[in-house]
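Asks: Sharing start_16.cif here; it has mmCIF, C-alpha atoms.
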```cif
data_data
#
loop_
_atom_site.label_atom_id
_atom_site.label_comp_id
_atom_site.auth_asym_id
_atom_site.auth_seq_id
_atom_site.Cartn_x
_atom_site.Cartn_y
_atom_site.Cartn_z
CA MET G 1 124.03 79.12 103.59
CA GLN G 2 121.58 81.45 105.25
CA ILE G 3 118.07 82.09 103.97
CA ARG G 4 115.21 84.25 105.17
CA ILE G 5 111.70 82.78 105.35
CA SER G 6 108.56 84.90 105.65
CA TYR G 7 105.22 83.42 106.68
CA TYR G 8 101.73 84.57 105.77
CA ALA G 9 98.15 83.79 106.77
CA ILE G 10 97.57 80.31 108.18
CA LEU G 11 101.26 79.36 107.99
CA ARG G 12 102.17 82.48 110.00
CA GLU G 13 99.81 81.38 112.75
CA GLN G 14 101.05 77.81 112.68
CA ARG G 15 104.71 78.84 112.73
CA GLY G 16 104.04 81.57 115.30
CA LEU G 17 106.40 83.95 113.50
CA ASP G 18 106.26 86.50 110.68
CA GLU G 19 109.79 85.82 109.59
CA GLU G 20 112.96 83.93 110.48
CA THR G 21 116.47 83.43 109.22
CA VAL G 22 117.64 79.84 109.01
CA ARG G 23 120.95 78.20 108.25
CA THR G 24 120.74 75.18 106.01
CA ASP G 25 122.91 73.03 103.78
CA ASN G 26 119.84 71.97 101.89
CA SER G 27 119.29 73.72 98.56
CA ASP G 28 116.05 71.87 97.83
CA LEU G 29 112.96 74.08 98.25
CA ARG G 30 110.61 71.11 98.47
CA GLN G 31 112.70 69.48 101.20
CA LEU G 32 112.84 72.77 103.10
CA PHE G 33 109.05 72.98 103.04
CA ARG G 34 108.70 69.34 104.13
CA ASP G 35 111.07 69.94 107.05
CA LEU G 36 109.11 73.01 108.16
CA GLU G 37 105.80 71.24 107.68
CA ARG G 38 106.96 68.42 109.94
CA ALA G 39 108.58 70.70 112.53
CA TRP G 40 105.63 73.08 112.92
CA GLY G 41 102.69 70.85 112.06
CA PHE G 42 101.52 72.83 109.04
CA SER G 43 98.02 71.88 107.97
CA LEU G 44 98.85 72.52 104.31
CA SER G 45 100.95 70.17 102.26
CA GLU G 46 103.19 71.13 99.37
CA LYS G 47 100.44 70.50 96.84
CA HIS G 48 98.42 73.33 98.41
CA VAL G 49 101.19 75.91 98.61
CA ARG G 50 103.18 77.71 95.96
CA PRO G 51 106.77 78.77 96.52
CA ALA G 52 108.11 82.26 95.89
CA VAL G 53 111.74 83.34 96.09
CA ASN G 54 112.87 86.96 96.18
CA ASP G 55 109.34 88.26 95.59
CA GLU G 56 108.62 86.15 92.50
CA PHE G 57 106.72 82.91 92.08
CA CYS G 58 109.00 80.02 91.23
CA ASP G 59 109.07 76.27 90.62
CA TRP G 60 109.74 73.78 93.39
CA SER G 61 112.83 72.77 91.41
CA ARG G 62 114.55 76.15 91.87
CA PRO G 63 117.74 75.55 93.92
CA LEU G 64 118.17 77.77 96.95
CA VAL G 65 121.21 80.02 97.21
CA ASP G 66 122.67 81.99 100.07
CA GLY G 67 120.66 85.11 100.91
CA ASP G 68 117.40 83.96 99.28
CA HIS G 69 114.11 85.21 100.67
CA VAL G 70 111.57 82.37 100.63
CA VAL G 71 107.79 82.47 101.02
CA PHE G 72 105.45 79.49 100.89
CA ILE G 73 102.17 80.87 99.63
CA PRO G 74 98.97 79.33 101.04
CA PRO G 75 95.88 79.16 98.77
CA VAL G 76 94.96 82.77 97.97
CA ALA G 77 91.54 84.25 98.72
CA GLY G 78 91.46 87.87 97.61
CA GLY G 79 88.45 89.58 96.07
CA MET L 1 97.83 107.02 92.43
CA SER L 2 97.35 108.07 88.81
CA SER L 3 100.22 105.93 87.55
CA LEU L 4 99.41 102.88 89.69
CA LEU L 5 97.64 100.01 87.98
CA PHE L 6 97.24 98.00 91.19
CA ALA L 7 97.35 99.11 94.80
CA LEU L 8 96.75 97.74 98.26
CA SER L 9 95.03 100.06 100.70
CA ASN L 10 94.09 100.05 104.36
CA GLN L 11 91.64 102.92 103.77
CA ARG L 12 88.08 102.88 102.44
CA LEU L 13 88.04 102.61 98.64
CA ASP L 14 86.69 105.58 96.76
CA ASP L 15 84.45 104.89 93.75
CA VAL L 16 86.21 107.52 91.63
CA PRO L 17 88.62 105.93 89.13
CA PRO L 18 92.27 106.70 89.89
CA PHE L 19 92.87 107.88 86.33
CA ALA L 20 91.63 110.72 84.14
CA ILE L 21 88.94 109.87 81.58
CA ALA L 22 90.40 110.53 78.14
CA ARG L 23 88.20 112.01 75.40
CA ARG L 24 88.21 108.78 73.40
CA VAL L 25 86.71 106.78 76.27
CA GLY L 26 83.16 105.68 75.47
CA ALA L 27 82.63 103.28 78.38
CA LEU L 28 83.81 103.11 81.97
CA VAL L 29 82.87 99.96 83.89
CA SER L 30 83.65 99.62 87.57
CA PHE L 31 83.29 96.58 89.77
CA ALA L 32 83.05 96.56 93.56
CA GLY L 33 83.51 93.42 95.64
CA ILE L 34 81.61 93.80 98.93
CA VAL L 35 82.02 92.06 102.28
CA ARG L 36 78.97 89.79 102.44
CA ASP L 37 77.29 88.50 105.60
CA ASN L 38 77.61 84.80 104.73
CA ASN L 39 80.00 82.32 103.17
CA GLU L 40 79.40 78.63 102.52
CA GLY L 41 76.41 78.56 104.82
CA LYS L 42 78.12 80.33 107.72
CA SER L 43 77.12 83.71 109.07
CA VAL L 44 80.07 86.11 108.72
CA THR L 45 80.42 89.02 111.15
CA ARG L 46 83.74 90.52 110.01
CA LEU L 47 86.84 89.71 108.07
CA GLU L 48 90.45 90.57 107.69
CA TYR L 49 92.60 90.62 104.57
CA SER L 50 96.35 90.23 104.65
CA ALA L 51 98.76 90.32 101.74
CA TYR L 52 102.30 89.51 100.73
CA GLN L 53 102.69 93.09 99.67
CA ALA L 54 105.67 93.02 97.30
CA LEU L 55 104.41 90.07 95.26
CA ALA L 56 100.75 91.11 95.45
CA GLU L 57 101.65 94.48 93.91
CA ARG L 58 103.74 92.85 91.19
CA GLU L 59 101.16 90.21 90.28
CA GLY L 60 98.23 92.64 90.50
CA THR L 61 100.05 95.07 88.21
CA ARG L 62 100.76 92.26 85.72
CA ILE L 63 97.07 91.33 85.68
CA VAL L 64 95.88 94.88 84.99
CA ARG L 65 98.52 95.18 82.23
CA GLU L 66 97.27 91.93 80.71
CA ALA L 67 93.68 93.25 80.78
CA ILE L 68 94.71 96.50 79.07
CA GLU L 69 96.47 94.59 76.31
CA ARG L 70 93.91 91.84 75.86
CA PHE L 71 90.84 94.12 75.72
CA ASP L 72 92.51 97.13 74.12
CA LEU L 73 91.61 99.34 77.08
CA ILE L 74 92.34 103.04 77.27
CA ALA L 75 92.90 102.83 81.04
CA ALA L 76 92.38 100.41 83.92
CA ALA L 77 93.15 100.03 87.61
CA CYS L 78 92.47 97.83 90.60
CA CYS L 79 92.62 98.54 94.31
CA HIS L 80 92.32 95.91 97.06
CA ARG L 81 91.80 96.46 100.79
CA VAL L 82 93.98 94.97 103.49
CA GLY L 83 93.28 94.93 107.22
CA ALA L 84 90.00 94.53 109.10
CA LEU L 85 86.73 95.13 107.21
CA GLU L 86 83.14 95.34 108.36
CA LEU L 87 80.14 93.90 106.53
CA GLY L 88 79.08 96.00 103.55
CA GLU L 89 82.49 97.56 103.02
CA VAL L 90 84.12 97.50 99.61
CA ALA L 91 86.94 94.94 99.58
CA VAL L 92 88.12 95.43 96.02
CA ARG L 93 87.45 97.78 93.10
CA VAL L 94 88.27 97.36 89.43
CA TRP L 95 87.88 100.07 86.77
CA ALA L 96 88.15 99.54 83.02
CA ALA L 97 87.83 102.32 80.44
CA ALA L 98 87.50 101.53 76.73
CA ALA L 99 86.08 102.96 73.55
CA HIS L 100 83.08 100.60 73.78
CA ARG L 101 81.22 98.89 76.62
CA GLY L 102 81.82 95.27 75.57
CA ALA L 103 85.55 95.47 76.12
CA ALA L 104 85.14 97.38 79.39
CA PHE L 105 82.70 94.81 80.85
CA SER L 106 84.84 91.85 79.74
CA ALA L 107 88.01 93.44 81.07
CA CYS L 108 86.46 94.05 84.49
CA GLU L 109 85.37 90.43 84.76
CA PHE L 110 88.73 89.13 83.54
CA THR L 111 90.60 91.31 86.02
CA ILE L 112 88.62 90.36 89.13
CA ASP L 113 88.73 86.65 88.19
CA GLN L 114 92.52 86.77 87.80
CA ILE L 115 92.97 88.79 91.01
CA LYS L 116 91.06 86.16 92.98
CA GLU L 117 93.09 83.37 91.42
CA ARG L 118 96.62 84.74 91.40
CA VAL L 119 97.30 87.57 93.84
CA PRO L 120 98.76 86.56 97.25
CA ILE L 121 96.03 88.01 99.45
CA TRP L 122 94.33 86.00 102.21
CA LYS L 123 91.01 86.37 103.95
CA LYS L 124 90.28 85.42 107.53
CA GLU L 125 86.58 85.30 108.31
CA THR L 126 85.02 85.61 111.74
CA TYR L 127 81.64 83.90 112.16
CA CYS L 128 78.73 84.67 114.47
CA ASP L 129 79.74 81.82 116.80
CA GLY L 130 83.17 83.46 117.26
CA GLU L 131 84.99 80.88 115.15
CA GLN L 132 87.58 82.11 112.67
CA GLU L 133 88.86 80.57 109.47
CA TRP L 134 91.36 81.30 106.71
CA VAL L 135 89.23 80.96 103.59
CA ARG L 136 90.36 78.21 101.15
CA CYS L 137 93.12 77.07 103.52
CA HIS L 138 91.37 74.03 104.91
CA HIS L 139 92.25 70.84 103.13
CA PRO L 140 91.65 67.37 104.47
#
```
Please lay out the structure from this file as structure tokens.
Replies:
Amino acid sequence: MQIRISYYAILREQRGLDEETVRTDNSDLRQLFRDLERAWGFSLSEKHVRPAVNDEFCDWSRPLVDGDHVVFIPPVAGG
Amino acid sequence: MSSLLFALSNQRLDDVPPFAIARRVGALVSFAGIVRDNNEGKSVTRLEYSAYQALAEREGTRIVREAIERFDLIAAACCHRVGALELGEVAVRVWAAAAHRGAAFSACEFTIDQIKERVPIWKKETYCDGEQEWVRCHHP
């Protein structure tokens, strides 16, 4: 399947990209994050980020499906 | 933006509420969050906000709706800046209009607390020594 990943804030800088499309056979959101974390040396671990799929927050247990848009949300600091 | 409960803006934030004041309003409380010159002992010279726009708008709108319901408001709104801001600029405004002041004060506080906790907006500070940091993103 193909999924789109968007990056924000510190993860955008560490990945060096705003967005990418990846092909994966892995439907596990947590494993996807761990793979990216290892590949790009993210300074945040999964306990500090919150996943969102298709512009809604979701649980780590949500299985990925083809065409999903994934964002890993770093700790927020608005206000 | 009369129908918008929550908005992101790259322009200076006006202090006029983005809704009409109905006749039954007895109290209008507004809150302004300002870019301060220091954070955690460091001297801040400028900062930049970025947002995950689609989800920030959804979550911000949910928060203002929750405030309206919880405090029985007549109207409410919140607007948050994105982009580069100078010291002293308004970063966020909240308005709450109610029949009485207690509800309006409480609703303003509730709204800004929830915005800071839940809305996907990030702040990158620049310090006087030229260093930069994404606030709250540094974990050992």
Asks: For this structure, which residues satisfy the selection - the PyMOL selection byres ((chain L and resi 6) around 8) - when it is evaluated on the file as given? I want them as an mmCIF file with C-alpha atoms, in the coordinates of the input.
Replies:
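Writing the result to part.cif gives the following:
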```cif
data_model
loop_
_atom_site.group_PDB
_atom_site.id
_atom_site.type_symbol
_atom_site.label_atom_id
_atom_site.label_comp_id
_atom_site.auth_asym_id
_atom_site.auth_seq_id
_atom_site.Cartn_x
_atom_site.Cartn_y
_atom_site.Cartn_z
ATOM 1 C CA LEU L 4 99.410 102.880 89.690
ATOM 2 C CA LEU L 5 97.640 100.010 87.980
ATOM 3 C CA ALA L 7 97.350 99.110 94.800
ATOM 4 C CA LEU L 8 96.750 97.740 98.260
ATOM 5 C CA GLU L 57 101.650 94.480 93.910
ATOM 6 C CA GLY L 60 98.230 92.640 90.500
ATOM 7 C CA THR L 61 100.050 95.070 88.210
ATOM 8 C CA VAL L 64 95.880 94.880 84.990
ATOM 9 C CA ALA L 77 93.150 100.030 87.610
ATOM 10 C CA CYS L 78 92.470 97.830 90.600
ATOM 11 C CA CYS L 79 92.620 98.540 94.310
ATOM 12 C CA HIS L 80 92.320 95.910 97.060
#
```
Asks: If we count only C-alpha atoms, what is near G:Gly78 at a cut-off of 8 Å, once residues fewer than 5 positions away on the same chain are taken out, given as a PyMOL selection string?
Replies: chain L and resi 49+115-117+119-123
Asks: Those same residues, written as a compact mmCIF listing (two decimals), in the coordinates of the input with C-alpha atoms?
Replies:
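The resulting file, part_27.txt, is reproduced below:
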```txt
# COMPACT_ATOMS: atom_id res chain seq x y z
CA TYR L 49 92.60 90.62 104.57
CA ILE L 115 92.97 88.79 91.01
CA LYS L 116 91.06 86.16 92.98
CA GLU L 117 93.09 83.37 91.42
CA VAL L 119 97.30 87.57 93.84
CA PRO L 120 98.76 86.56 97.25
CA ILE L 121 96.03 88.01 99.45
CA TRP L 122 94.33 86.00 102.21
CA LYS L 123 91.01 86.37 103.95
```
Asks: Contacts from chain G to chain L, 8 Å maximum, all atoms listed in the file: show me the residue list as a list in words.
Replies: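 Here is what falls inside 8 Å: Tyr8, Ala9, Ile10, Ser43, Leu44, Asp55, Glu56, Ile73, Pro74, Pro75, Val76, Ala77, Gly78 and Gly79 of chain G.
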Asks: Extract, using all atoms listed in the file, all DNA, RNA and protein residues at most 6 Å from stretch 14-30 of chain G, discarding same-chain residues fewer than 2 positions from it, and format them as JSON, numbers by chain.
Replies: {"G": [1, 2, 3, 4, 5, 6, 7, 11, 12, 32, 33, 40, 60, 63, 64]}
Asks: Just so the selection is clear, what residues does the PyMOL selection byres ((chain L and resi 12) around 8) cover here, as a PyMOL selection string?
Replies: chain L and resi 9-11+13-14+81+89-90
Asks: Compile the contact shell of G:Asn54 as a PyMOL selection string: residues with an atom at most 7 Å away, counting all atoms listed in the file, same-chain residues fewer than 2 positions apart removed.
Replies: chain G and resi 52+56+68-70
Asks: Which one of L:Ala67, L:Ala96, L:Leu47, L:Cys108 sits closest to L:Gly83 if you count all atoms listed in the file?
Replies: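 The answer is L:Leu47, which sits nearest to L:Gly83.
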Asks: Name the residues that the PyMOL selection byres ((chain L and resi 24) around 9) picks from the file above, as a list in words, using the file's chain letters and numbers.
Replies: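 Written out, the selection comes to Ile21, Ala22, Arg23, Val25, Gly26, Ile74, Ala98 and Ala99 of chain L.
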Asks: Measure the distance from atom CA of L:Glu48 to atom CA of G:Arg38 in Å and round it to one decimal.
Replies: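 These atoms are spaced 27.7 Å apart.
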Asks: With distances taken over all atoms listed in the file, which residue among L:Val44, L:Ala104, L:Ala84, L:Val94 lies nearest L:Ile63?
Replies: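 Answer, going by the shortest atom-to-atom distance: L:Val94.
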Asks: Could you jot down the atom CA of L:Gly88 to atom CA of L:Glu109 separation for me, Å, one decimal place?
Replies: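 Interatomic distance, atom CA of L:Gly88 to atom CA of L:Glu109: 20.6 Å.
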Asks: Which distance in Å separates atom CA of L:Val16 and atom CA of L:Gly102, to one decimal?
Replies: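 Value for the atom CA of L:Val16-atom CA of L:Gly102 distance: 20.7 Å.
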Asks: Would you mind listing what lies within 6 Å of G:Pro51 as a list in words, with only C-alpha atoms counted and same-chain residues fewer than 4 positions away left out?
Replies: Cys58, Val71, Phe72 and Ile73 of chain G
Asks: Can you put N, CA and C atoms back into stretch 71-93 of chain L and show it as a short mmCIF file (atom, residue, chain, number, x, y, z; two decimals), in the frame of the given file?
Replies:
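Saved result, selection03.cif, follows:
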```cif
data_model
loop_
_atom_site.label_atom_id
_atom_site.label_comp_id
_atom_site.auth_asym_id
_atom_site.auth_seq_id
_atom_site.Cartn_x
_atom_site.Cartn_y
_atom_site.Cartn_z
N PHE L 71 92.14 93.52 76.07
CA PHE L 71 90.84 94.12 75.72
C PHE L 71 91.01 95.51 75.11
N ASP L 72 92.23 95.86 74.77
CA ASP L 72 92.51 97.13 74.12
C ASP L 72 91.90 98.31 74.90
N LEU L 73 92.17 98.30 76.22
CA LEU L 73 91.61 99.34 77.08
C LEU L 73 92.36 100.66 76.91
N ILE L 74 91.69 101.73 77.26
CA ILE L 74 92.34 103.04 77.27
C ILE L 74 92.98 103.26 78.65
N ALA L 75 92.33 102.76 79.69
CA ALA L 75 92.90 102.83 81.04
C ALA L 75 92.25 101.76 81.91
N ALA L 76 92.94 101.37 82.97
CA ALA L 76 92.38 100.41 83.92
C ALA L 76 93.13 100.51 85.23
N ALA L 77 92.50 100.05 86.31
CA ALA L 77 93.15 100.03 87.61
C ALA L 77 92.39 99.09 88.54
N CYS L 78 93.10 98.67 89.58
CA CYS L 78 92.47 97.83 90.60
C CYS L 78 93.04 98.21 91.95
N CYS L 79 92.17 98.23 92.96
CA CYS L 79 92.62 98.54 94.31
C CYS L 79 91.99 97.53 95.27
N HIS L 80 92.80 96.95 96.15
CA HIS L 80 92.32 95.91 97.06
C HIS L 80 92.60 96.33 98.50
N ARG L 81 91.62 96.13 99.36
CA ARG L 81 91.80 96.46 100.79
C ARG L 81 92.65 95.42 101.50
N VAL L 82 93.36 95.86 102.52
CA VAL L 82 93.98 94.97 103.49
C VAL L 82 93.56 95.45 104.89
N GLY L 83 93.67 94.57 105.87
CA GLY L 83 93.28 94.93 107.22
C GLY L 83 91.86 94.45 107.53
N ALA L 84 91.32 94.98 108.64
CA ALA L 84 90.00 94.53 109.10
C ALA L 84 88.89 95.27 108.37
N LEU L 85 87.88 94.53 107.91
CA LEU L 85 86.73 95.13 107.21
C LEU L 85 85.43 94.71 107.87
N GLU L 86 84.47 95.63 107.84
CA GLU L 86 83.14 95.34 108.36
C GLU L 86 82.25 94.88 107.22
N LEU L 87 81.11 94.28 107.55
CA LEU L 87 80.14 93.90 106.53
C LEU L 87 79.73 95.12 105.72
N GLY L 88 79.54 94.92 104.42
CA GLY L 88 79.08 96.00 103.55
C GLY L 88 80.18 96.88 103.01
N GLU L 89 81.39 96.74 103.55
CA GLU L 89 82.49 97.56 103.02
C GLU L 89 82.99 97.02 101.69
N VAL L 90 83.56 97.91 100.90
CA VAL L 90 84.12 97.50 99.61
C VAL L 90 85.50 96.90 99.84
N ALA L 91 85.67 95.65 99.39
CA ALA L 91 86.94 94.94 99.58
C ALA L 91 87.87 95.15 98.40
N VAL L 92 87.30 95.29 97.22
CA VAL L 92 88.12 95.43 96.02
C VAL L 92 87.35 96.23 94.97
N ARG L 93 88.06 97.07 94.23
CA ARG L 93 87.45 97.78 93.10
C ARG L 93 88.31 97.58 91.85
#
```
